[in-house]
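Below: my_file24.tsv (TSV, C-alpha atoms)
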chain	number	residue	atom	x	y	z
E	1	MET	CA	-44.81	58.70	35.65
E	2	LYS	CA	-42.87	57.58	32.58
E	3	SER	CA	-40.66	55.37	34.80
E	4	LYS	CA	-43.69	53.71	36.43
E	5	LEU	CA	-45.31	53.11	33.06
E	6	LEU	CA	-42.12	51.62	31.66
E	7	THR	CA	-41.81	49.38	34.75
E	8	LEU	CA	-45.43	48.25	34.38
E	9	VAL	CA	-44.90	47.48	30.71
E	10	MET	CA	-41.74	45.50	31.50
E	11	ILE	CA	-43.45	43.53	34.26
E	12	SER	CA	-46.50	42.92	32.09
E	13	GLY	CA	-44.22	41.63	29.35
E	14	LEU	CA	-42.43	39.31	31.75
E	15	LEU	CA	-45.70	38.03	33.17
E	16	ALA	CA	-47.16	37.53	29.73
E	17	GLY	CA	-44.27	35.17	28.99
E	18	CYS	CA	-45.10	32.96	31.97
E	19	SER	CA	-46.84	29.77	30.94
E	20	THR	CA	-48.63	29.47	34.28
E	21	MET	CA	-50.15	32.95	34.22
E	22	ASP	CA	-53.89	32.79	34.72
E	23	LYS	CA	-54.73	36.50	34.93
E	24	PRO	CA	-54.48	39.14	32.23
E	25	SER	CA	-51.41	41.36	32.47
E	26	ASP	CA	-53.55	44.51	32.58
E	27	MET	CA	-54.55	43.58	36.15
E	28	VAL	CA	-51.01	44.07	37.47
E	29	VAL	CA	-51.01	47.03	39.85
E	30	GLN	CA	-48.39	48.80	41.90
E	31	ASN	CA	-49.16	48.41	45.60
E	32	GLU	CA	-48.67	51.15	48.20
E	33	ASN	CA	-45.34	49.67	49.27
E	34	GLY	CA	-43.95	49.89	45.73
E	35	THR	CA	-44.26	46.20	44.89
E	36	PHE	CA	-46.37	44.79	42.09
E	37	GLY	CA	-49.17	42.32	42.49
E	38	TRP	CA	-52.75	41.53	41.63
E	39	GLY	CA	-54.27	44.09	43.97
E	40	GLU	CA	-56.83	43.04	46.56
E	41	ASP	CA	-57.25	39.49	45.27
E	42	ILE	CA	-53.62	38.53	45.92
E	43	ASP	CA	-53.24	34.92	47.11
E	44	ILE	CA	-50.97	35.00	50.15
E	45	SER	CA	-50.09	31.31	49.72
E	46	SER	CA	-48.05	32.28	46.68
E	47	LEU	CA	-46.01	34.91	48.50
E	48	LYS	CA	-42.30	34.53	49.20
E	49	ALA	CA	-41.08	34.36	52.79
E	50	THR	CA	-40.06	38.02	52.71
E	51	ASP	CA	-43.60	38.93	51.67
E	52	TYR	CA	-44.98	36.96	54.62
E	53	ALA	CA	-42.64	38.89	56.91
E	54	LYS	CA	-43.78	42.24	55.52
E	55	ARG	CA	-47.43	41.26	55.84
E	56	PHE	CA	-46.93	40.09	59.42
E	57	GLU	CA	-45.08	43.28	60.39
E	58	SER	CA	-47.83	45.45	58.94
E	59	ASP	CA	-50.76	43.40	60.30
E	60	VAL	CA	-49.67	42.30	63.77
E	61	ASP	CA	-47.80	43.58	66.83
E	62	ASP	CA	-44.70	41.40	66.92
E	63	ILE	CA	-43.31	42.28	70.37
E	64	VAL	CA	-44.22	40.95	73.81
E	65	PHE	CA	-42.72	42.82	76.77
E	66	PHE	CA	-41.79	41.33	80.14
E	67	SER	CA	-41.31	42.59	83.67
E	68	PHE	CA	-37.88	42.64	85.29
E	69	ASN	CA	-36.44	39.15	85.72
E	70	GLN	CA	-39.71	37.59	84.50
E	71	TYR	CA	-40.78	35.34	81.65
E	72	ASP	CA	-44.47	34.88	82.46
E	73	LEU	CA	-47.06	36.27	80.04
E	74	SER	CA	-49.09	39.31	81.09
E	75	LYS	CA	-52.65	40.10	79.99
E	76	ASP	CA	-51.29	42.57	77.43
E	77	SER	CA	-48.92	39.96	76.05
E	78	LEU	CA	-51.78	37.45	75.75
E	79	ASP	CA	-53.74	39.98	73.69
E	80	THR	CA	-50.73	40.47	71.41
E	81	LEU	CA	-50.24	36.72	71.08
E	82	LYS	CA	-53.92	36.20	70.23
E	83	THR	CA	-53.52	38.45	67.17
E	84	GLN	CA	-50.33	36.60	66.22
E	85	ILE	CA	-52.08	33.23	66.57
E	86	ASP	CA	-55.02	34.39	64.45
E	87	TRP	CA	-52.63	35.63	61.75
E	88	LEU	CA	-50.60	32.41	61.82
E	89	LYS	CA	-53.76	30.31	61.54
E	90	ASP	CA	-54.80	32.39	58.53
E	91	HIS	CA	-51.33	31.86	56.97
E	92	PRO	CA	-50.52	28.19	57.63
E	93	LYS	CA	-47.36	28.16	55.51
E	94	ALA	CA	-45.68	30.95	57.50
E	95	LEU	CA	-42.80	29.91	59.75
E	96	VAL	CA	-41.76	31.94	62.80
E	97	LEU	CA	-38.64	32.60	64.82
E	98	ILE	CA	-39.19	33.75	68.40
E	99	GLU	CA	-36.32	35.94	69.63
E	100	GLY	CA	-35.81	36.25	73.38
E	101	HIS	CA	-34.13	39.40	74.74
E	102	ALA	CA	-33.11	40.83	78.10
E	103	ASP	CA	-31.97	44.21	79.39
E	104	GLU	CA	-28.31	44.96	80.07
E	105	ARG	CA	-28.36	44.06	83.76
E	106	GLY	CA	-26.97	40.68	84.76
E	107	THR	CA	-24.32	38.45	83.27
E	108	ARG	CA	-24.24	37.42	79.65
E	109	GLU	CA	-25.04	33.80	80.58
E	110	TYR	CA	-27.93	34.76	82.86
E	111	ASN	CA	-29.49	36.99	80.21
E	112	LEU	CA	-29.13	34.36	77.50
E	113	ALA	CA	-30.98	31.91	79.75
E	114	LEU	CA	-33.65	34.49	80.60
E	115	GLY	CA	-34.10	35.38	76.92
E	116	GLU	CA	-34.51	31.69	76.14
E	117	ARG	CA	-37.15	31.27	78.87
E	118	ARG	CA	-39.02	34.29	77.47
E	119	ALA	CA	-38.95	32.90	73.94
E	120	GLU	CA	-39.94	29.45	75.21
E	121	SER	CA	-42.98	30.89	77.04
E	122	ILE	CA	-44.15	32.34	73.71
E	123	VAL	CA	-43.47	29.08	71.87
E	124	GLN	CA	-45.43	27.05	74.42
E	125	TYR	CA	-48.36	29.47	74.24
E	126	LEU	CA	-48.44	29.33	70.43
E	127	ILE	CA	-48.35	25.52	70.50
E	128	ALA	CA	-51.06	25.36	73.17
E	129	ASN	CA	-53.23	27.49	70.89
E	130	GLY	CA	-52.94	25.38	67.77
E	131	ILE	CA	-49.73	26.49	66.04
E	132	SER	CA	-47.60	23.50	65.06
E	133	SER	CA	-44.21	23.25	66.75
E	134	ALA	CA	-42.76	22.41	63.33
E	135	ARG	CA	-43.46	26.02	62.29
E	136	ILE	CA	-41.62	27.58	65.24
E	137	LYS	CA	-37.97	28.09	66.12
E	138	LEU	CA	-36.50	30.10	68.97
E	139	ILE	CA	-33.29	31.91	69.72
E	140	SER	CA	-32.05	33.93	72.66
E	141	TYR	CA	-29.96	37.03	72.17
E	142	GLY	CA	-29.86	37.86	75.88
E	143	LYS	CA	-28.66	41.43	76.24
E	144	GLU	CA	-26.69	41.41	72.98
E	145	ARG	CA	-29.32	43.12	70.77
E	146	PRO	CA	-30.99	45.95	72.68
E	147	MET	CA	-33.90	47.69	71.01
E	148	VAL	CA	-33.13	50.91	72.90
E	149	SER	CA	-29.83	52.23	74.22
E	150	GLY	CA	-29.69	53.51	77.75
E	151	SER	CA	-29.16	52.51	81.33
E	152	ASN	CA	-32.50	53.49	82.84
E	153	GLU	CA	-35.89	51.89	83.44
E	154	GLU	CA	-37.38	53.31	80.23
E	155	ALA	CA	-34.69	51.65	78.08
E	156	TRP	CA	-34.61	48.46	80.14
E	157	SER	CA	-38.39	47.99	79.89
E	158	LYS	CA	-38.20	48.09	76.08
E	159	ASN	CA	-35.32	45.64	75.97
E	160	ARG	CA	-37.06	42.99	78.10
E	161	ARG	CA	-38.96	41.42	75.24
E	162	ALA	CA	-39.63	38.55	72.87
E	163	VAL	CA	-40.04	39.30	69.17
E	164	THR	CA	-41.91	37.12	66.70
E	165	LYS	CA	-40.28	37.17	63.25
E	166	VAL	CA	-41.93	35.51	60.27
E	167	GLN	CA	-39.37	33.66	58.17

Spit out the file's structure as structure tokens when you get a sec.
Amino acid sequence: MKSKLLTLVMISGLLAGCSTMDKPSDMVVQNENGTFGWGEDIDISSLKATDYAKRFESDVDDIVFFSFNQYDLSKDSLDTLKTQIDWLKDHPKALVLIEGHADERGTREYNLALGERRAESIVQYLIANGISSARIKLISYGKERPMVSGSNEEAWSKNRRAVTKVQ
């Protein structure tokens, strides 16, 4: 308790020294994730990129899964992407990186190309639904970054994916 109070006092003192501060320092609160902010009235436009990423991870499912050797979007993936699109529209300054992944089967080159097609299908869907292409980048990791280790269908199904990362 003494440590938290000391931290609050230090942060309040630092904030009080800011010439652009427009809220009283007694409104600074410690959030559930251990960071400090203005509580419920926090303005997300003032957040750093890492804060955007944390918000996205906590608010939205960031993974779209694919069938074997496929890059088309399933009904489940469209539902996931709808929530991502809504979040991105609510946070117009957030930039995203779409990572394409494949399971371990196939050559390195084939899986890099498949991962790219998976990421590109997400990019095209986001653009078609109002997200500016200037906010989106993509990368393919192919089979190089598995989410799950294993050489069975359960592991493979989790590794056939595209992941949306807020930058």

Using only C-alpha atoms, which residues of range 112-139 of chain E come within 10 Å of range 75-94 of chain E, and what is the closest atom pair for each, with the distance in Å to one decimal? Give it as JSON lines, sorted by chain and residue number.
{"residue": "E:Ile122", "atom": "CA", "partner": "E:Leu81", "partner_atom": "CA", "distance": 7.9}
{"residue": "E:Tyr125", "atom": "CA", "partner": "E:Leu81", "partner_atom": "CA", "distance": 8.1}
{"residue": "E:Leu126", "atom": "CA", "partner": "E:Ile85", "partner_atom": "CA", "distance": 6.6}
{"residue": "E:Ile127", "atom": "CA", "partner": "E:Ile85", "partner_atom": "CA", "distance": 9.4}
{"residue": "E:Asn129", "atom": "CA", "partner": "E:Ile85", "partner_atom": "CA", "distance": 7.3}
{"residue": "E:Gly130", "atom": "CA", "partner": "E:Lys89", "partner_atom": "CA", "distance": 8.0}
{"residue": "E:Ile131", "atom": "CA", "partner": "E:Lys89", "partner_atom": "CA", "distance": 7.1}
{"residue": "E:Ser132", "atom": "CA", "partner": "E:Pro92", "partner_atom": "CA", "distance": 9.3}
{"residue": "E:Arg135", "atom": "CA", "partner": "E:Ala94", "partner_atom": "CA", "distance": 7.2}
{"residue": "E:Ile136", "atom": "CA", "partner": "E:Ala94", "partner_atom": "CA", "distance": 9.4}

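Put simply, CA of Ser67 in chain E is 11.9 Å away from CA of Glu154 in chain E.
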
List the neighbours of Thr164 in chain E out to 6 Å using only C-alpha atoms; skip same-chain residues closer than 6 positions along the sequence, and give me the result as a PDB file with C-alpha atoms, keeping the file's coordinate frame.
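Wrote it out as part18.pdb, contents follow:
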ATOM      1  CA  ASP E  62     -44.700  41.400  66.920  1.00  0.00           C
ATOM      2  CA  LEU E  97     -38.640  32.600  64.820  1.00  0.00           C
ATOM      3  CA  ILE E  98     -39.190  33.750  68.400  1.00  0.00           C
TER       4      ILE E  98
END

Exercise for the section: Considering all atoms listed in the file, state which residue in the set E:Asn111, E:Gln167, E:Asn152, E:Asn159 is at the smallest distance from Leu138 in chain E. Expected result: E:Gln167

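Closest approach to Arg117 in chain E among E:Glu153, E:Asp72, E:Glu144, E:Asp103: E:Asp72, based on only C-alpha atoms.
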
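Between CA of Gly150 in chain E and CA of Ala113 in chain E the interatomic distance comes to 21.7 Å.
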
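Picture a line from CA of Ser58 in chain E to CA of Val96 in chain E; it runs 15.3 Å.
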
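With distances taken over all atoms listed in the file, E:Lys143 is the one residue among E:Lys143, E:Lys54, E:Lys165, E:Arg160 lying closest to Thr107 in chain E.
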
Problem - Selected residue, from E:Ile139, E:Met147, E:Val123, E:Val64, that lies nearest to Gly100 in chain E when counting only C-alpha atoms - result: E:Ile139

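Of the listed residues E:Leu114, E:Ala128, E:Val166, E:Ala102, the one whose atoms come nearest to Arg145 in chain E is E:Ala102, with distances taken using only C-alpha atoms.
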
Handout entry: Nearest-residue call for Val148 in chain E, choices E:Glu104, E:Glu120, E:Gly115, E:Ala134, using only C-alpha atoms
Key = E:Glu104

Could you put an axis-aligned box around every listed atom of range 61-78 of chain E, padded by 6 Å on each side, and send me its centre and edge lengths in Å to one decimal, as JSON?
{"center_x": -44.5, "center_y": 39.2, "center_z": 76.3, "size_x": 28.2, "size_y": 20.7, "size_z": 30.9}
